Structure formats: C-alpha cells, structure tokens
Amino acid sequence: MPEVKNKSKDFVVSTCNAAFYDPSDILICTGTANLNTSIEAAMEELELRAGQGKQLEYTLKYGRTLNVTWQAQDWKLEYIAINTGSAIAEGLTDVYSIDECVALDGSIGTLKNEPVGKVAVKLPNGNIIMVEAEGKTIDLKNNNVSGGTVRATYAFNTQARMLTIDTQTQPLIGKLVLTAPKHNNNKGQVGEVQTIIPKYQASGNFTMEYTPDGALSTNIDGKALAYEGDTCDNGNSVYAYLKEFDYSAQATTVNQIAANYQEVTLKPQETCTLIVYGIKGGVSSNILIDNDKCSFTSDQISYASVGEKTGEIKGVAEGNAVITVDYNGVKDFVHVTVTGE
C-alpha cells in the first residue's frame with residue numbers, strides 16, 4: 001500500500017485580541033478575553049443589463065465599507081469611553097452602598113463607610129427609616145430597635161474612576177489592531193494573522209446586559225474610515241492592512257533569487273554592493289532578502305573579491321569573475337568585468 005501522508009494545513013482559530021490607540025498613537029486599552037470578533041467587508045452593486053431578456057452583462061462594485069465588531073468579556077471602563085468619546089475622570093466622588101448588612105449591638109450599628117447625608121435603614125419588619133449617622137455609627141434607640149441585623153443604603157465619598165455619558169460627544173477615532181493565532185494541524189501554533197485599521201470609529205451604540213447566567217460583556221461595533229495618511233500603489237486611501245507572519249525561525253521559502261545586477265563593470269579598487277530579491281511566485285510579491293542571510297563567493301578573487309555576508313564587490317585587477325549568490329541553496333550569478341585603470 002502507498003504511504004499515507006498527513007497533509008499540513010493552517011487554520012486561524014480562537015478569537016482576536018484587540019488593542020486600541022488614540023490619534024497620537026498612545027495605547028488606550030487592550031482586550032484579551034474577547035468572546036467574538038468579526039470583520040465584514042461589504043460593497044454596493046450596480047447591475048448592467050442589456051439585450052433580449054435583459055441579460056446581466058456586468059456588475060459594478062462600489063462603496064466598499066469595512067465593519068468590525070469585537071465583544072469584550074472582561075470589564076474595562078475604557079470600552080465605554082471608546083463608544084462615548086468621553087474622558088475618564090479620577091478623584092473623590094459620591095458612590096452608594098446598597099443593602100449593606102449591619103449587625104446591631106443593642107441599638108448601635110457600625111457601617112463600613114462614613115455616610116454622606118442620611119442613611120436609609122430597612123428594619124426586619126420591612127419598614128424603611130431615615131437616620132442620621134455619627135461618623136460610621138447609627139443609633140436606632142429612638143426607633144425601638146435592638147439586636148439582630150438591619151439593611152443600610154447610603155452614599156459615601158471615595159476615590160473612583162468616573163465616566164459621564166452626555167448627549168453630544170462623538171465616539172473616539174483611533175487605530176485598532178486585531179490579532180488572531182494561526183495554527184497548523186501538525187505543528188500547533190505557528191504564527192499570527194493581524195488586522196491593522198489605522199482609522200477606526202466605534203458606532204457609539206452599546207448595551208450593558210447584567211444577566212444571572214453570565215458575566216457582563218461589552219460590544220464595540222464600528223467602521224473603518226478612509227485613512228489618507230497612507231495610500232496604495234494606485235493612490236487609493238486605505239481602510240486596513242491584513243498581515244500574516246510566522247514564528248518559525250526558518251528562512252522564507254523562495255523559488256528564485258535575483259541580484260540587482262546581472263553584469264557589473266568595475267575598475268580596480270572600485271566597489272558596488274549587491275541587493276538580493278526573493279521571488280516567491282504565484283500571488284506573492286518579491287521580497288528583499290538581507291545580505292547577511294545570503295552567502296557571496298567569487299570564482300576569481302584575483303580579479304574581483306566579494307564580502308561573504310555583505311555582497312560588496314571590489315575590483316582587484318583586470319579580468320573577469322563570476323559572483324555566486326546563494327540563499328538556502330537557491331542561487332543567482334553576477335558576471336563581473338574589471339577593466340584597466
């Protein structure tokens with residue numbers, strides 16, 4: 001029987017981690033416990049029909065949009081700030097303790113915090129009374145309550161982070177980076193797929209659902225805006241960059257290499273440096289290969305020498321030489337002619 005080979009396949013699995021930067025490229029927050037992340041590219045379509053039966057001759061695609069949603073499982077006030085565009089303030093502010101259980105020693109109870117204003121005390125019979133506190137102490141002697149426990153609700157002053165949701169502020173615009181792990185069925189995690197959106201704006205719509213069967217999650221929905229700080233080769237503005245990279249230390253696989261010169265003419269002591277390109281073929285563009293990852297040799301060092309890892313050719317004496325460029329067994333050749341002074 002022929003040998004059955006386990007074919008190697010790559011998969012992008014799990015959810016994305018997210019990082020959001022403000023326009024000055026300062027990191028606002030990261031989301032590393034996301035539930036769901038989606039990127040949707042959509043285009044409008046105009047159908048051109050002609051002939052008998054109005055045959056479909058052509059479809060014009062236009063108006064591309066890029067919609068992004070990431071659902072954060074962990075809680076961060078910054079997620080809401082991104083949606084509202086409001087600044088997070090830090091300082092002393094009034095907050096509330098709700099239904100705090102207070103054990104009475106006789107008619108005296110001690111609160112966890114010093115109240116601001118009156119304390120609402122819920123008695124064992126369900127009645128609610130308002131009492132003044134002295135420091136953290138409440139006295140229910142005038143209400144004929146002694147022993148047992150009561151429930152207290154009151155405001156107190158403490159250090160807190162505060163976000164004000166007003167009627168006018170707009171969602172933040174910043175850079176969004178989404179990163180998902182890339183796995184291989186034979187090797188495990190082998191790299192990452194990263195989406196970089198230079199100009200992203202949240203929709204400003206969010207829902208905070210407090211449910212008994214799960215943790216609070218926050219949706220950040222939004223769109224990629226046209227980024228004119230960078231353009232494609234055809235001059236179009238950019239919505240996003242999709243990048244794939246490997247953790248592997250292995251060299252990039254190329255089908256061919258090509259030096260920037262095929263023939264070089266030098267005089268003695270004159271130099272030039274080779275630049276090496278990797279040709280991958282298919283839908284992949286050529287890549288620039290660092291010279292220190294190649295090896296360079298001359299077959300006639302008495303006529304032309306070359307730096308083994310620099311690719312710098314130097315004319316030595318009148319004559320001809322061939323420089324061999326080797327990148328992991330893939331080779332190219334440069335013909336050097338050294339003329340007299």
# chains A, B, ... in the order shown; residues from 1 in each chain; ligands from 1
call {"tool": "closest_atom_pairs", "arguments": {"of": "segment 130-236 of chain A", "to": "segment 40-49 of chain A", "cutoff": "12 Å", "atoms": "only C-alpha atoms", "output": "Markdown table"}}
result
| residue | atom | partner | partner_atom | distance |
| --- | --- | --- | --- | --- |
| A:Asp221 | CA | A:Glu40 | CA | 11.2 |
| A:Gly222 | CA | A:Glu40 | CA | 10.6 |
| A:Lys223 | CA | A:Glu40 | CA | 9.5 |
| A:Ala224 | CA | A:Ala41 | CA | 9.9 |
call {"tool": "write_last_selection", "arguments": {"atoms": "N, CA and C atoms", "output": "PDB file, in the first residue's frame"}}
result
ATOM      1  N   ASP A 221     -18.841  48.030  18.338  1.00  0.00           N
ATOM      2  CA  ASP A 221     -19.104  47.959  16.907  1.00  0.00           C
ATOM      3  C   ASP A 221     -18.593  49.243  16.263  1.00  0.00           C
ATOM      4  N   GLY A 222     -18.125  49.137  15.035  1.00  0.00           N
ATOM      5  CA  GLY A 222     -17.678  50.344  14.363  1.00  0.00           C
ATOM      6  C   GLY A 222     -17.284  50.103  12.929  1.00  0.00           C
ATOM      7  N   LYS A 223     -16.781  51.159  12.301  1.00  0.00           N
ATOM      8  CA  LYS A 223     -16.386  51.111  10.897  1.00  0.00           C
ATOM      9  C   LYS A 223     -14.967  51.620  10.730  1.00  0.00           C
ATOM     10  N   ALA A 224     -14.314  51.087   9.700  1.00  0.00           N
ATOM     11  CA  ALA A 224     -13.025  51.626   9.285  1.00  0.00           C
ATOM     12  C   ALA A 224     -13.277  52.868   8.438  1.00  0.00           C
TER      13      ALA A 224
END
call {"tool": "residues_around", "arguments": {"residues": "Thr253 of chain A", "least_positions_apart": "5", "cutoff": "10 Å", "atoms": "only C-alpha atoms", "output": "list in words"}}
result
Gly278, Ile279, Lys280, Tyr327, Asn328 and Val330 of chain A
call {"tool": "write_last_selection", "arguments": {"atoms": "C-alpha atoms", "output": "PDB file, in the first residue's frame"}}
result
ATOM      1  CA  GLY A 278      13.467  36.674  -3.345  1.00  0.00           C
ATOM      2  CA  ILE A 279      10.921  35.576  -5.949  1.00  0.00           C
ATOM      3  CA  LYS A 280       8.100  33.517  -4.420  1.00  0.00           C
ATOM      4  CA  TYR A 327      20.293  31.796  -0.357  1.00  0.00           C
ATOM      5  CA  ASN A 328      19.490  28.438   1.231  1.00  0.00           C
ATOM      6  CA  VAL A 330      18.792  28.932  -4.341  1.00  0.00           C
TER       7      VAL A 330
END
call {"tool": "residues_around", "arguments": {"residues": "Val102 of chain A", "least_positions_apart": "4", "cutoff": "8 Å", "atoms": "only C-alpha atoms", "output": "compact mmCIF listing (two decimals) with C-alpha atoms, in the first residue's frame"}}
result
# COMPACT_ATOMS: atom_id res chain seq x y z
CA GLY A 109 -24.77 49.61 64.35
CA THR A 110 -21.45 50.33 62.63
CA LEU A 111 -21.31 50.98 58.89
CA THR A 149 -29.45 42.87 61.81
CA VAL A 150 -30.73 45.61 59.53
CA ARG A 151 -30.00 46.69 55.97
CA ALA A 152 -28.49 50.10 55.24
call {"tool": "residues_around", "arguments": {"residues": "Gln170 of chain A", "least_positions_apart": "3", "cutoff": "9 Å", "atoms": "only C-alpha atoms", "output": "PyMOL selection string"}}
result
chain A and resi 83-86+173+204
call {"tool": "write_last_selection", "arguments": {"atoms": "N, CA and C atoms", "output": "PDB file, in the first residue's frame"}}
result
ATOM      1  N   ASN A  83     -16.711  54.151  22.983  1.00  0.00           N
ATOM      2  CA  ASN A  83     -18.028  54.322  22.364  1.00  0.00           C
ATOM      3  C   ASN A  83     -18.601  55.727  22.572  1.00  0.00           C
ATOM      4  N   THR A  84     -18.348  56.331  23.721  1.00  0.00           N
ATOM      5  CA  THR A  84     -18.960  57.623  24.027  1.00  0.00           C
ATOM      6  C   THR A  84     -18.070  58.805  23.667  1.00  0.00           C
ATOM      7  N   GLY A  85     -16.761  58.577  23.600  1.00  0.00           N
ATOM      8  CA  GLY A  85     -15.846  59.685  23.361  1.00  0.00           C
ATOM      9  C   GLY A  85     -15.642  60.556  24.580  1.00  0.00           C
ATOM     10  N   SER A  86     -16.066  60.105  25.745  1.00  0.00           N
ATOM     11  CA  SER A  86     -15.933  60.871  26.988  1.00  0.00           C
ATOM     12  C   SER A  86     -14.621  60.524  27.684  1.00  0.00           C
ATOM     13  N   ILE A 173     -12.044  58.165  17.581  1.00  0.00           N
ATOM     14  CA  ILE A 173     -11.424  57.674  16.349  1.00  0.00           C
ATOM     15  C   ILE A 173      -9.976  57.348  16.674  1.00  0.00           C
ATOM     16  N   GLY A 204     -20.822  54.059  18.696  1.00  0.00           N
ATOM     17  CA  GLY A 204     -21.433  54.800  19.793  1.00  0.00           C
ATOM     18  C   GLY A 204     -22.612  54.081  20.416  1.00  0.00           C
TER      19      GLY A 204
END
call {"tool": "residues_around", "arguments": {"residues": "segment 190-202 of chain A", "least_positions_apart": "4", "cutoff": "8 Å", "atoms": "only C-alpha atoms", "output": "ChimeraX atom specification"}}
result
/A:12,82-83,171-184,220-227,239-248
call {"tool": "write_last_selection", "arguments": {"atoms": "C-alpha atoms", "output": "short mmCIF file (atom, residue, chain, number, x, y, z; two decimals), in the first residue's frame"}}
result
data_model
loop_
_atom_site.label_atom_id
_atom_site.label_comp_id
_atom_site.auth_asym_id
_atom_site.auth_seq_id
_atom_site.Cartn_x
_atom_site.Cartn_y
_atom_site.Cartn_z
CA VAL A 12 -6.91 30.67 12.17
CA ILE A 82 -14.31 54.43 23.17
CA ASN A 83 -18.03 54.32 22.36
CA PRO A 171 -17.18 58.11 19.58
CA LEU A 172 -13.39 58.06 19.58
CA ILE A 173 -11.42 57.67 16.35
CA GLY A 174 -8.20 55.75 16.67
CA LYS A 175 -6.13 52.80 15.47
CA LEU A 176 -7.50 49.30 16.07
CA VAL A 177 -5.24 46.25 15.95
CA LEU A 178 -6.76 42.74 15.93
CA THR A 179 -4.55 39.69 16.31
CA ALA A 180 -5.58 36.04 15.98
CA PRO A 181 -3.34 32.97 16.36
CA LYS A 182 -2.58 30.82 13.33
CA HIS A 183 -2.30 27.10 13.97
CA ASN A 184 -1.07 24.16 11.93
CA ILE A 220 -17.64 47.60 20.40
CA ASP A 221 -19.10 47.96 16.91
CA GLY A 222 -17.68 50.34 14.36
CA LYS A 223 -16.39 51.11 10.90
CA ALA A 224 -13.03 51.63 9.28
CA LEU A 225 -12.66 55.17 7.96
CA ALA A 226 -10.59 56.08 4.92
CA TYR A 227 -7.01 56.68 6.04
CA TYR A 239 -9.13 51.00 5.21
CA ALA A 240 -6.99 48.25 6.74
CA TYR A 241 -3.91 46.09 6.42
CA LEU A 242 -4.14 42.32 6.75
CA LYS A 243 -0.80 40.79 7.70
CA GLU A 244 0.28 37.20 8.27
CA PHE A 245 3.53 36.27 9.95
CA ASP A 246 5.17 33.13 11.25
CA TYR A 247 7.01 32.44 14.48
CA SER A 248 9.22 29.94 12.71
#
call {"tool": "residues_around", "arguments": {"residues": "Gly315 of chain A", "least_positions_apart": "5", "cutoff": "6 Å", "atoms": "only C-alpha atoms", "output": "ChimeraX atom specification"}}
result
/A:266-270,304,338
call {"tool": "write_last_selection", "arguments": {"atoms": "C-alpha atoms", "output": "PDB file, in the first residue's frame"}}
result
ATOM      1  CA  LEU A 266      34.440  47.965 -12.331  1.00  0.00           C
ATOM      2  CA  LYS A 267      37.891  49.436 -12.202  1.00  0.00           C
ATOM      3  CA  PRO A 268      40.479  48.195  -9.700  1.00  0.00           C
ATOM      4  CA  GLN A 269      39.600  49.331  -6.137  1.00  0.00           C
ATOM      5  CA  GLU A 270      36.147  50.367  -7.293  1.00  0.00           C
ATOM      6  CA  ALA A 304      37.199  40.580  -8.161  1.00  0.00           C
ATOM      7  CA  VAL A 338      37.327  44.568 -14.230  1.00  0.00           C
TER       8      VAL A 338
END
call {"tool": "residues_around", "arguments": {"residues": "segment 153-162 of chain A", "least_positions_apart": "4", "cutoff": "12 Å", "atoms": "only C-alpha atoms", "output": "NGL selection string"}}
result
:A and (76-78 or 80-81 or 86-102 or 111-123 or 128-133 or 135-136 or 138)
call {"tool": "select_by_dssp", "arguments": {"residues": "segment 60-205 of chain A", "states": "strand (DSSP E or B)", "output": "MDAnalysis selection string"}}
result
chainID A and resid 60:72 88:105 108:110 115:122 128:131 134 137:139 149:163 173:184 188:202
call {"tool": "atom_distance", "arguments": {"atom1": "atom CA of Lys314 of chain A", "atom2": "atom CA of Cys272 of chain A"}}
result
6.8 Å
call {"tool": "atom_distance", "arguments": {"atom1": "atom CA of Cys16 of chain A", "atom2": "atom CA of Thr65 of chain A"}}
result
20.3 Å
call {"tool": "closest_residue", "arguments": {"among": "A:Asn17, A:Ser203, A:Ser285, A:Gln52", "to": "Asn67 of chain A", "atoms": "only C-alpha atoms"}}
result
A:Ser203
call {"tool": "atom_distance", "arguments": {"atom1": "atom CA of Thr37 of chain A", "atom2": "atom CA of Gln73 of chain A"}}
result
11.3 Å
call {"tool": "closest_residue", "arguments": {"among": "A:Thr59, A:Ser38, A:Thr69, A:Asn255", "to": "Asn219 of chain A", "atoms": "only C-alpha atoms"}}
result
A:Thr69
call {"tool": "closest_residue", "arguments": {"among": "A:Asn185, A:Asn125, A:Phe296, A:Gly53", "to": "Val13 of chain A", "atoms": "only C-alpha atoms"}}
result
A:Asn185
